[in-house]
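Next comes data-v7.pdb, with PDB, C-alpha atoms, pLDDT in the B column.
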```
MODEL        1
ATOM      1  CA  MET A   1      -6.476 -13.800  -7.755  1.00 66.00           C
ATOM      2  CA  GLY A   2      -5.374 -14.592 -11.323  1.00 75.00           C
ATOM      3  CA  LEU A   3      -7.267 -13.298 -14.367  1.00 80.00           C
ATOM      4  CA  ILE A   4     -10.209 -10.988 -13.761  1.00 80.00           C
ATOM      5  CA  ASP A   5     -12.560 -10.014 -16.614  1.00 80.00           C
ATOM      6  CA  PHE A   6     -13.836  -6.473 -17.163  1.00 85.00           C
ATOM      7  CA  VAL A   7     -16.059  -4.700 -19.694  1.00 79.00           C
ATOM      8  CA  LYS A   8     -13.530  -3.429 -22.258  1.00 81.00           C
ATOM      9  CA  GLU A   9     -15.645  -0.518 -23.495  1.00 76.00           C
ATOM     10  CA  ALA A  10     -16.541   0.772 -20.005  1.00 76.00           C
ATOM     11  CA  GLY A  11     -14.365   2.829 -17.750  1.00 73.00           C
ATOM     12  CA  LYS A  12     -12.061   5.756 -17.369  1.00 70.00           C
ATOM     13  CA  LYS A  13     -10.240   6.927 -20.464  1.00 73.00           C
ATOM     14  CA  LEU A  14      -6.527   7.593 -20.019  1.00 70.00           C
ATOM     15  CA  GLY A  15      -6.426  10.233 -22.749  1.00 67.00           C
ATOM     16  CA  LEU A  16      -3.498   8.659 -24.575  1.00 61.00           C
ATOM     17  CA  GLY A  17      -5.098   8.369 -28.004  1.00 52.00           C
ATOM     18  CA  GLY A  18      -3.498  11.483 -29.490  1.00 41.00           C
ATOM     19  CA  ASP A  19      -0.070  10.974 -27.980  1.00 38.00           C
ATOM     20  CA  GLU A  20       1.596  10.102 -31.279  1.00 40.00           C
ATOM     21  CA  PRO A  21       4.308  12.620 -32.208  1.00 42.00           C
ATOM     22  CA  LYS A  22       3.478  14.381 -35.465  1.00 43.00           C
ATOM     23  CA  ALA A  23       5.816  13.774 -38.403  1.00 47.00           C
ATOM     24  CA  THR A  24       7.361  16.907 -39.855  1.00 48.00           C
ATOM     25  CA  ALA A  25       7.991  17.474 -43.544  1.00 50.00           C
ATOM     26  CA  ALA A  26      11.588  18.598 -42.849  1.00 54.00           C
ATOM     27  CA  LYS A  27      12.742  15.111 -41.892  1.00 59.00           C
ATOM     28  CA  PRO A  28      13.895  12.746 -44.620  1.00 60.00           C
ATOM     29  CA  ALA A  29      11.399  10.031 -45.410  1.00 66.00           C
ATOM     30  CA  ALA A  30      11.972   6.949 -43.295  1.00 74.00           C
ATOM     31  CA  ALA A  31      10.315   3.601 -43.468  1.00 75.00           C
ATOM     32  CA  PRO A  32       7.040   3.763 -41.548  1.00 82.00           C
ATOM     33  CA  PRO A  33       7.004   1.744 -38.344  1.00 82.00           C
ATOM     34  CA  SER A  34       5.450  -1.675 -38.598  1.00 87.00           C
ATOM     35  CA  ALA A  35       1.995  -2.313 -37.201  1.00 85.00           C
ATOM     36  CA  GLU A  36       3.591  -4.470 -34.486  1.00 85.00           C
ATOM     37  CA  ALA A  37       6.029  -1.691 -33.500  1.00 86.00           C
ATOM     38  CA  MET A  38       3.144   0.783 -33.299  1.00 88.00           C
ATOM     39  CA  LYS A  39       1.116  -1.646 -31.150  1.00 86.00           C
ATOM     40  CA  GLN A  40       4.058  -2.209 -28.795  1.00 89.00           C
ATOM     41  CA  ALA A  41       4.591   1.549 -28.439  1.00 88.00           C
ATOM     42  CA  SER A  42       0.884   2.039 -27.739  1.00 88.00           C
ATOM     43  CA  ASP A  43       0.894  -0.785 -25.166  1.00 91.00           C
ATOM     44  CA  ARG A  44       3.923   0.764 -23.406  1.00 93.00           C
ATOM     45  CA  ARG A  45       2.214   4.184 -23.259  1.00 93.00           C
ATOM     46  CA  ARG A  46      -0.963   2.609 -21.877  1.00 94.00           C
ATOM     47  CA  ALA A  47       1.030   0.658 -19.258  1.00 95.00           C
ATOM     48  CA  MET A  48       2.734   3.875 -18.144  1.00 95.00           C
ATOM     49  CA  GLY A  49      -0.666   5.605 -18.013  1.00 94.00           C
ATOM     50  CA  LEU A  50      -2.111   2.815 -15.870  1.00 96.00           C
ATOM     51  CA  ALA A  51       0.863   2.954 -13.488  1.00 96.00           C
ATOM     52  CA  LYS A  52       0.373   6.741 -13.181  1.00 96.00           C
ATOM     53  CA  LEU A  53      -3.335   6.164 -12.523  1.00 95.00           C
ATOM     54  CA  VAL A  54      -2.582   3.745  -9.662  1.00 96.00           C
ATOM     55  CA  GLU A  55      -0.001   6.112  -8.174  1.00 95.00           C
ATOM     56  CA  GLY A  56      -2.309   9.121  -8.656  1.00 94.00           C
ATOM     57  CA  LEU A  57      -5.051   7.376  -6.667  1.00 94.00           C
ATOM     58  CA  GLY A  58      -2.590   6.998  -3.784  1.00 95.00           C
ATOM     59  CA  LEU A  59      -2.639   3.208  -3.983  1.00 96.00           C
ATOM     60  CA  LYS A  60       0.703   2.168  -2.501  1.00 96.00           C
ATOM     61  CA  VAL A  61       2.371  -0.662  -4.434  1.00 97.00           C
ATOM     62  CA  GLN A  62       6.009  -1.518  -3.873  1.00 97.00           C
ATOM     63  CA  GLU A  63       7.827  -2.205  -7.140  1.00 97.00           C
ATOM     64  CA  LEU A  64       4.694  -1.560  -9.215  1.00 97.00           C
ATOM     65  CA  ALA A  65       4.952  -3.176 -12.640  1.00 97.00           C
ATOM     66  CA  VAL A  66       2.230  -2.810 -15.257  1.00 97.00           C
ATOM     67  CA  LYS A  67       2.387  -4.417 -18.689  1.00 97.00           C
ATOM     68  CA  VAL A  68      -0.256  -4.110 -21.397  1.00 96.00           C
ATOM     69  CA  ASP A  69      -0.720  -6.463 -24.326  1.00 95.00           C
ATOM     70  CA  GLY A  70      -3.774  -5.386 -26.295  1.00 93.00           C
ATOM     71  CA  ASP A  71      -6.731  -5.548 -23.893  1.00 94.00           C
ATOM     72  CA  LEU A  72      -4.835  -7.552 -21.226  1.00 96.00           C
ATOM     73  CA  ALA A  73      -3.089  -5.707 -18.388  1.00 96.00           C
ATOM     74  CA  THR A  74      -0.700  -7.560 -16.093  1.00 97.00           C
ATOM     75  CA  VAL A  75       0.052  -5.979 -12.736  1.00 97.00           C
ATOM     76  CA  GLY A  76       2.755  -6.993 -10.297  1.00 97.00           C
ATOM     77  CA  GLY A  77       4.348  -5.691  -7.125  1.00 97.00           C
ATOM     78  CA  LYS A  78       3.738  -5.973  -3.415  1.00 97.00           C
ATOM     79  CA  VAL A  79       0.818  -4.540  -1.422  1.00 97.00           C
ATOM     80  CA  ALA A  80       0.061  -4.405   2.282  1.00 96.00           C
ATOM     81  CA  ASN A  81      -3.348  -6.124   2.243  1.00 94.00           C
ATOM     82  CA  GLN A  82      -6.059  -7.804   0.169  1.00 94.00           C
ATOM     83  CA  ALA A  83      -8.242  -4.686   0.005  1.00 93.00           C
ATOM     84  CA  LEU A  84      -5.410  -2.698  -1.562  1.00 95.00           C
ATOM     85  CA  ARG A  85      -4.733  -5.532  -4.007  1.00 96.00           C
ATOM     86  CA  GLU A  86      -8.353  -5.517  -5.131  1.00 95.00           C
ATOM     87  CA  LYS A  87      -8.428  -1.719  -5.470  1.00 95.00           C
ATOM     88  CA  VAL A  88      -5.343  -1.761  -7.704  1.00 96.00           C
ATOM     89  CA  VAL A  89      -6.868  -4.468  -9.910  1.00 96.00           C
ATOM     90  CA  LEU A  90     -10.163  -2.553 -10.137  1.00 95.00           C
ATOM     91  CA  ALA A  91      -8.454   0.757 -10.906  1.00 95.00           C
ATOM     92  CA  ILE A  92      -6.647  -0.868 -13.829  1.00 95.00           C
ATOM     93  CA  GLY A  93      -9.554  -3.010 -15.023  1.00 94.00           C
ATOM     94  CA  ASN A  94     -12.120  -0.217 -14.876  1.00 93.00           C
ATOM     95  CA  THR A  95     -10.190   1.605 -17.602  1.00 93.00           C
ATOM     96  CA  ALA A  96     -11.458   1.829 -21.179  1.00 90.00           C
ATOM     97  CA  GLY A  97      -9.712  -0.672 -23.433  1.00 92.00           C
ATOM     98  CA  ILE A  98      -8.833  -3.165 -20.684  1.00 94.00           C
ATOM     99  CA  ALA A  99     -10.865  -6.390 -20.830  1.00 94.00           C
ATOM    100  CA  ARG A 100      -8.782  -8.533 -18.434  1.00 95.00           C
ATOM    101  CA  VAL A 101      -6.307  -8.012 -15.630  1.00 96.00           C
ATOM    102  CA  ASP A 102      -3.737 -10.654 -14.755  1.00 96.00           C
ATOM    103  CA  ASP A 103      -3.209 -10.054 -11.036  1.00 96.00           C
ATOM    104  CA  ARG A 104       0.296 -10.995  -9.965  1.00 96.00           C
ATOM    105  CA  LEU A 105       0.396  -8.781  -6.879  1.00 96.00           C
ATOM    106  CA  GLU A 106       1.852 -10.187  -3.680  1.00 96.00           C
ATOM    107  CA  VAL A 107      -0.021  -9.487  -0.431  1.00 96.00           C
ATOM    108  CA  GLU A 108       1.844  -9.059   2.849  1.00 94.00           C
ATOM    109  CA  ALA A 109      -1.145  -9.846   5.106  1.00 85.00           C
ATOM    110  CA  ALA A 110      -3.580 -12.543   4.005  1.00 83.00           C
ATOM    111  CA  GLU A 111      -7.264 -11.596   4.308  1.00 87.00           C
ATOM    112  CA  PRO A 112     -10.542 -12.899   2.873  1.00 89.00           C
ATOM    113  CA  GLU A 113     -11.196 -11.840  -0.717  1.00 91.00           C
ATOM    114  CA  ALA A 114     -14.048  -9.508  -1.593  1.00 93.00           C
ATOM    115  CA  THR A 115     -16.770 -10.362  -4.073  1.00 94.00           C
ATOM    116  CA  PHE A 116     -16.861  -8.371  -7.308  1.00 95.00           C
ATOM    117  CA  HIS A 117     -20.063  -6.946  -8.755  1.00 96.00           C
ATOM    118  CA  THR A 118     -20.435  -5.620 -12.306  1.00 95.00           C
ATOM    119  CA  VAL A 119     -22.803  -2.641 -12.324  1.00 95.00           C
ATOM    120  CA  GLU A 120     -25.919  -3.163 -14.454  1.00 95.00           C
ATOM    121  CA  PRO A 121     -28.167  -0.407 -15.846  1.00 95.00           C
ATOM    122  CA  GLY A 122     -30.431   0.780 -13.019  1.00 95.00           C
ATOM    123  CA  ASP A 123     -28.071  -0.322 -10.230  1.00 96.00           C
ATOM    124  CA  THR A 124     -27.447   1.949  -7.267  1.00 96.00           C
ATOM    125  CA  LEU A 125     -25.147   1.313  -4.334  1.00 97.00           C
ATOM    126  CA  SER A 126     -28.266   0.857  -2.179  1.00 97.00           C
ATOM    127  CA  LYS A 127     -29.648  -1.782  -4.538  1.00 97.00           C
ATOM    128  CA  ILE A 128     -26.285  -3.565  -4.594  1.00 97.00           C
ATOM    129  CA  ALA A 129     -26.045  -3.416  -0.768  1.00 96.00           C
ATOM    130  CA  LYS A 130     -29.525  -4.921  -0.502  1.00 97.00           C
ATOM    131  CA  LYS A 131     -28.474  -7.773  -2.825  1.00 96.00           C
ATOM    132  CA  TYR A 132     -25.246  -8.644  -0.987  1.00 96.00           C
ATOM    133  CA  TYR A 133     -25.960  -7.594   2.605  1.00 96.00           C
ATOM    134  CA  GLY A 134     -29.745  -7.739   2.793  1.00 95.00           C
ATOM    135  CA  ASN A 135     -29.819  -4.067   3.838  1.00 95.00           C
ATOM    136  CA  ALA A 136     -29.869  -1.131   1.407  1.00 96.00           C
ATOM    137  CA  MET A 137     -28.597   1.200   4.146  1.00 96.00           C
ATOM    138  CA  LYS A 138     -25.224  -0.574   4.062  1.00 96.00           C
ATOM    139  CA  TYR A 139     -24.364   1.178   0.790  1.00 96.00           C
ATOM    140  CA  PRO A 140     -21.654   3.273   2.548  1.00 96.00           C
ATOM    141  CA  VAL A 141     -19.698   0.030   3.155  1.00 96.00           C
ATOM    142  CA  ILE A 142     -19.509  -0.509  -0.613  1.00 96.00           C
ATOM    143  CA  PHE A 143     -18.747   3.154  -1.263  1.00 96.00           C
ATOM    144  CA  GLU A 144     -15.867   3.148   1.247  1.00 95.00           C
ATOM    145  CA  ALA A 145     -14.551  -0.153  -0.125  1.00 95.00           C
ATOM    146  CA  ASN A 146     -14.223   1.425  -3.573  1.00 95.00           C
ATOM    147  CA  LYS A 147     -12.526   4.688  -2.619  1.00 92.00           C
ATOM    148  CA  PRO A 148     -10.561   6.397  -4.106  1.00 91.00           C
ATOM    149  CA  MET A 149     -11.919   5.094  -7.430  1.00 91.00           C
ATOM    150  CA  LEU A 150     -15.399   6.314  -6.441  1.00 92.00           C
ATOM    151  CA  SER A 151     -15.676   9.947  -5.452  1.00 92.00           C
ATOM    152  CA  ASP A 152     -19.471  10.008  -5.064  1.00 93.00           C
ATOM    153  CA  PRO A 153     -21.924   7.181  -4.220  1.00 92.00           C
ATOM    154  CA  ASP A 154     -24.194   8.329  -7.067  1.00 93.00           C
ATOM    155  CA  LYS A 155     -21.479   8.128  -9.743  1.00 92.00           C
ATOM    156  CA  ILE A 156     -21.382   4.503 -10.798  1.00 94.00           C
ATOM    157  CA  TYR A 157     -21.869   3.359 -14.374  1.00 93.00           C
ATOM    158  CA  PRO A 158     -22.919   0.182 -16.191  1.00 93.00           C
ATOM    159  CA  GLY A 159     -19.980  -2.123 -16.791  1.00 94.00           C
ATOM    160  CA  GLN A 160     -18.005  -0.826 -13.814  1.00 94.00           C
ATOM    161  CA  LYS A 161     -16.747  -3.513 -11.464  1.00 95.00           C
ATOM    162  CA  LEU A 162     -17.002  -2.839  -7.701  1.00 96.00           C
ATOM    163  CA  ARG A 163     -15.553  -4.473  -4.581  1.00 95.00           C
ATOM    164  CA  ILE A 164     -18.106  -5.955  -2.204  1.00 96.00           C
ATOM    165  CA  PRO A 165     -16.194  -6.671   1.002  1.00 94.00           C
ATOM    166  CA  PRO A 166     -17.210  -9.600   3.204  1.00 91.00           C
ATOM    167  CA  GLN A 167     -19.700  -8.675   5.917  1.00 82.00           C
ATOM    168  CA  ALA A 168     -18.170  -8.009   9.319  1.00 62.00           C
ATOM    169  CA  LYS A 169     -19.254 -10.658  11.777  1.00 52.00           C
TER     170      LYS A 169
ENDMDL
END
```
Would you mind giving the structure from this file in C-alpha cells?
Amino acid sequence: MGLIDFVKEAGKKLGLGGDEPKATAAKPAAAPPSAEAMKQASDRRRAMGLAKLVEGLGLKVQELAVKVDGDLATVGGKVANQALREKVVLAIGNTAGIARVDDRLEVEAAEPEATFHTVEPGDTLSKIAKKYYGNAMKYPVIFEANKPMLSDPDKIYPGQKLRIPPQAK
C-alpha cells in the first residue's frame, strides 16, 4: 500500500506526553540531552505506544515492527489478510501526531484493497454508506469493517480515516 496520509491533529491520543522522568536535585548536574536525543527518545516511546495500541486492539501481526520519525510511522510485519493490514494501518494513522503511515506489512492472502474515506464534519456512517454503496442502510458494513477501532457507529470524528470495503458481488 505504501504511504498513506492522515490528519495529524485528529485521532486517539496515546497519553505519552508526560512520560519524561523528572530530574532530581540530588543528582550531579549533567549536560542536558540534545534536542535530537530528546526527539529520538520521544519517537521510540511513541513507536512502543503504537505497537501496544495495535496489540491491545487484538490485531494479530507476526513480528510487528513500528518505527516513528516525527509525524511518520513505519509499520512492518506479516498479517493474514488485506483487511487486517488496513486495520493496522488505520489504527496507527488515526492517532494524534501521525500524519503518514509507511505500510510495509506483508499479506499472506492477497485480496482486493478497500477504499479509504476521511470523515468530514456532518458525516455519518449512513451518509458514507449512501455515497459508496448507494444505500444508507449498508452502514453496518462500514462499521464492521472498522472494528475494533470503532466501538459505536455514532462515534466517528472529522479527520478520522475509515475503511470502505469493496461491495460483495
If you count all atoms listed in the file, which residues fall within 10 Å of segment 154-158 of chain A, apart from same-chain ones fewer than 3 positions away, as a compact mmCIF listing (two decimals) with C-alpha atoms, in the coordinates of the input?
```txt
# COMPACT_ATOMS: atom_id res chain seq x y z
CA VAL A 7 -16.06 -4.70 -19.69
CA ALA A 10 -16.54 0.77 -20.00
CA GLY A 11 -14.36 2.83 -17.75
CA THR A 118 -20.43 -5.62 -12.31
CA VAL A 119 -22.80 -2.64 -12.32
CA GLU A 120 -25.92 -3.16 -14.45
CA PRO A 121 -28.17 -0.41 -15.85
CA GLY A 122 -30.43 0.78 -13.02
CA ASP A 123 -28.07 -0.32 -10.23
CA THR A 124 -27.45 1.95 -7.27
CA LEU A 125 -25.15 1.31 -4.33
CA SER A 126 -28.27 0.86 -2.18
CA PHE A 143 -18.75 3.15 -1.26
CA LEU A 150 -15.40 6.31 -6.44
CA SER A 151 -15.68 9.95 -5.45
CA LYS A 161 -16.75 -3.51 -11.46
CA LEU A 162 -17.00 -2.84 -7.70
```
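Atom pair atom CA of Gly77 of chain A / atom CA of Glu113 of chain A: separated by 17.9 Å.
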Which polymer residues have any atom within 12 Å of an atom of segment 79-87 of chain A, counting all atoms listed in the file, with same-chain residues fewer than 2 positions away left out, as a PDB file with C-alpha atoms, keeping the file's coordinate frame?
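Written file, result.pdb:
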```
ATOM      1  CA  MET A   1      -6.476 -13.800  -7.755  1.00 66.00           C
ATOM      2  CA  GLY A   2      -5.374 -14.592 -11.323  1.00 75.00           C
ATOM      3  CA  ILE A   4     -10.209 -10.988 -13.761  1.00 80.00           C
ATOM      4  CA  LEU A  53      -3.335   6.164 -12.523  1.00 95.00           C
ATOM      5  CA  VAL A  54      -2.582   3.745  -9.662  1.00 96.00           C
ATOM      6  CA  GLU A  55      -0.001   6.112  -8.174  1.00 95.00           C
ATOM      7  CA  LEU A  57      -5.051   7.376  -6.667  1.00 94.00           C
ATOM      8  CA  GLY A  58      -2.590   6.998  -3.784  1.00 95.00           C
ATOM      9  CA  LEU A  59      -2.639   3.208  -3.983  1.00 96.00           C
ATOM     10  CA  LYS A  60       0.703   2.168  -2.501  1.00 96.00           C
ATOM     11  CA  VAL A  61       2.371  -0.662  -4.434  1.00 97.00           C
ATOM     12  CA  GLN A  62       6.009  -1.518  -3.873  1.00 97.00           C
ATOM     13  CA  GLU A  63       7.827  -2.205  -7.140  1.00 97.00           C
ATOM     14  CA  LEU A  64       4.694  -1.560  -9.215  1.00 97.00           C
ATOM     15  CA  VAL A  75       0.052  -5.979 -12.736  1.00 97.00           C
ATOM     16  CA  GLY A  76       2.755  -6.993 -10.297  1.00 97.00           C
ATOM     17  CA  GLY A  77       4.348  -5.691  -7.125  1.00 97.00           C
ATOM     18  CA  VAL A  89      -6.868  -4.468  -9.910  1.00 96.00           C
ATOM     19  CA  LEU A  90     -10.163  -2.553 -10.137  1.00 95.00           C
ATOM     20  CA  ALA A  91      -8.454   0.757 -10.906  1.00 95.00           C
ATOM     21  CA  ILE A  92      -6.647  -0.868 -13.829  1.00 95.00           C
ATOM     22  CA  GLY A  93      -9.554  -3.010 -15.023  1.00 94.00           C
ATOM     23  CA  ASN A  94     -12.120  -0.217 -14.876  1.00 93.00           C
ATOM     24  CA  VAL A 101      -6.307  -8.012 -15.630  1.00 96.00           C
ATOM     25  CA  ASP A 102      -3.737 -10.654 -14.755  1.00 96.00           C
ATOM     26  CA  ASP A 103      -3.209 -10.054 -11.036  1.00 96.00           C
ATOM     27  CA  ARG A 104       0.296 -10.995  -9.965  1.00 96.00           C
ATOM     28  CA  LEU A 105       0.396  -8.781  -6.879  1.00 96.00           C
ATOM     29  CA  GLU A 106       1.852 -10.187  -3.680  1.00 96.00           C
ATOM     30  CA  VAL A 107      -0.021  -9.487  -0.431  1.00 96.00           C
ATOM     31  CA  GLU A 108       1.844  -9.059   2.849  1.00 94.00           C
ATOM     32  CA  ALA A 109      -1.145  -9.846   5.106  1.00 85.00           C
ATOM     33  CA  ALA A 110      -3.580 -12.543   4.005  1.00 83.00           C
ATOM     34  CA  GLU A 111      -7.264 -11.596   4.308  1.00 87.00           C
ATOM     35  CA  PRO A 112     -10.542 -12.899   2.873  1.00 89.00           C
ATOM     36  CA  GLU A 113     -11.196 -11.840  -0.717  1.00 91.00           C
ATOM     37  CA  ALA A 114     -14.048  -9.508  -1.593  1.00 93.00           C
ATOM     38  CA  THR A 115     -16.770 -10.362  -4.073  1.00 94.00           C
ATOM     39  CA  PHE A 116     -16.861  -8.371  -7.308  1.00 95.00           C
ATOM     40  CA  GLU A 144     -15.867   3.148   1.247  1.00 95.00           C
ATOM     41  CA  ALA A 145     -14.551  -0.153  -0.125  1.00 95.00           C
ATOM     42  CA  ASN A 146     -14.223   1.425  -3.573  1.00 95.00           C
ATOM     43  CA  LYS A 147     -12.526   4.688  -2.619  1.00 92.00           C
ATOM     44  CA  PRO A 148     -10.561   6.397  -4.106  1.00 91.00           C
ATOM     45  CA  MET A 149     -11.919   5.094  -7.430  1.00 91.00           C
ATOM     46  CA  LEU A 150     -15.399   6.314  -6.441  1.00 92.00           C
ATOM     47  CA  LYS A 161     -16.747  -3.513 -11.464  1.00 95.00           C
ATOM     48  CA  LEU A 162     -17.002  -2.839  -7.701  1.00 96.00           C
ATOM     49  CA  ARG A 163     -15.553  -4.473  -4.581  1.00 95.00           C
ATOM     50  CA  ILE A 164     -18.106  -5.955  -2.204  1.00 96.00           C
ATOM     51  CA  PRO A 165     -16.194  -6.671   1.002  1.00 94.00           C
ATOM     52  CA  PRO A 166     -17.210  -9.600   3.204  1.00 91.00           C
TER      53      PRO A 166
END
```
### Task
Name the residues in contact with segment 43-47 of chain A at a cut-off of 12 Å, using only C-alpha atoms, excluding same-chain residues fewer than 3 positions from it; report them as an MDAnalysis selection string.
chainID A and resid 13:20 36:40 50:54 64:76 92:93 95:98 101
Filtering to C-alpha atoms, could you give me those residues as a compact mmCIF listing (two decimals), in the coordinates of the input?
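In the end it all went to selection-v6.txt:
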```
# COMPACT_ATOMS: atom_id res chain seq x y z
CA LYS A 13 -10.24 6.93 -20.46
CA LEU A 14 -6.53 7.59 -20.02
CA GLY A 15 -6.43 10.23 -22.75
CA LEU A 16 -3.50 8.66 -24.58
CA GLY A 17 -5.10 8.37 -28.00
CA GLY A 18 -3.50 11.48 -29.49
CA ASP A 19 -0.07 10.97 -27.98
CA GLU A 20 1.60 10.10 -31.28
CA GLU A 36 3.59 -4.47 -34.49
CA ALA A 37 6.03 -1.69 -33.50
CA MET A 38 3.14 0.78 -33.30
CA LYS A 39 1.12 -1.65 -31.15
CA GLN A 40 4.06 -2.21 -28.80
CA LEU A 50 -2.11 2.82 -15.87
CA ALA A 51 0.86 2.95 -13.49
CA LYS A 52 0.37 6.74 -13.18
CA LEU A 53 -3.34 6.16 -12.52
CA VAL A 54 -2.58 3.74 -9.66
CA LEU A 64 4.69 -1.56 -9.22
CA ALA A 65 4.95 -3.18 -12.64
CA VAL A 66 2.23 -2.81 -15.26
CA LYS A 67 2.39 -4.42 -18.69
CA VAL A 68 -0.26 -4.11 -21.40
CA ASP A 69 -0.72 -6.46 -24.33
CA GLY A 70 -3.77 -5.39 -26.30
CA ASP A 71 -6.73 -5.55 -23.89
CA LEU A 72 -4.84 -7.55 -21.23
CA ALA A 73 -3.09 -5.71 -18.39
CA THR A 74 -0.70 -7.56 -16.09
CA VAL A 75 0.05 -5.98 -12.74
CA GLY A 76 2.76 -6.99 -10.30
CA ILE A 92 -6.65 -0.87 -13.83
CA GLY A 93 -9.55 -3.01 -15.02
CA THR A 95 -10.19 1.60 -17.60
CA ALA A 96 -11.46 1.83 -21.18
CA GLY A 97 -9.71 -0.67 -23.43
CA ILE A 98 -8.83 -3.16 -20.68
CA VAL A 101 -6.31 -8.01 -15.63
```
### Message
Set the distance at 9 Å and use all atoms listed in the file: which residues neighbour segment 128-131 of chain A once local chain neighbours fewer than 6 positions away are removed? I'd like the list as a PyMOL selection string.
### Response
chain A and resi 117+119+137-142+164
### atom CA of Leu3 of chain A to atom CA of Lys78 of chain A, straight-line distance in Å
17.2 Å
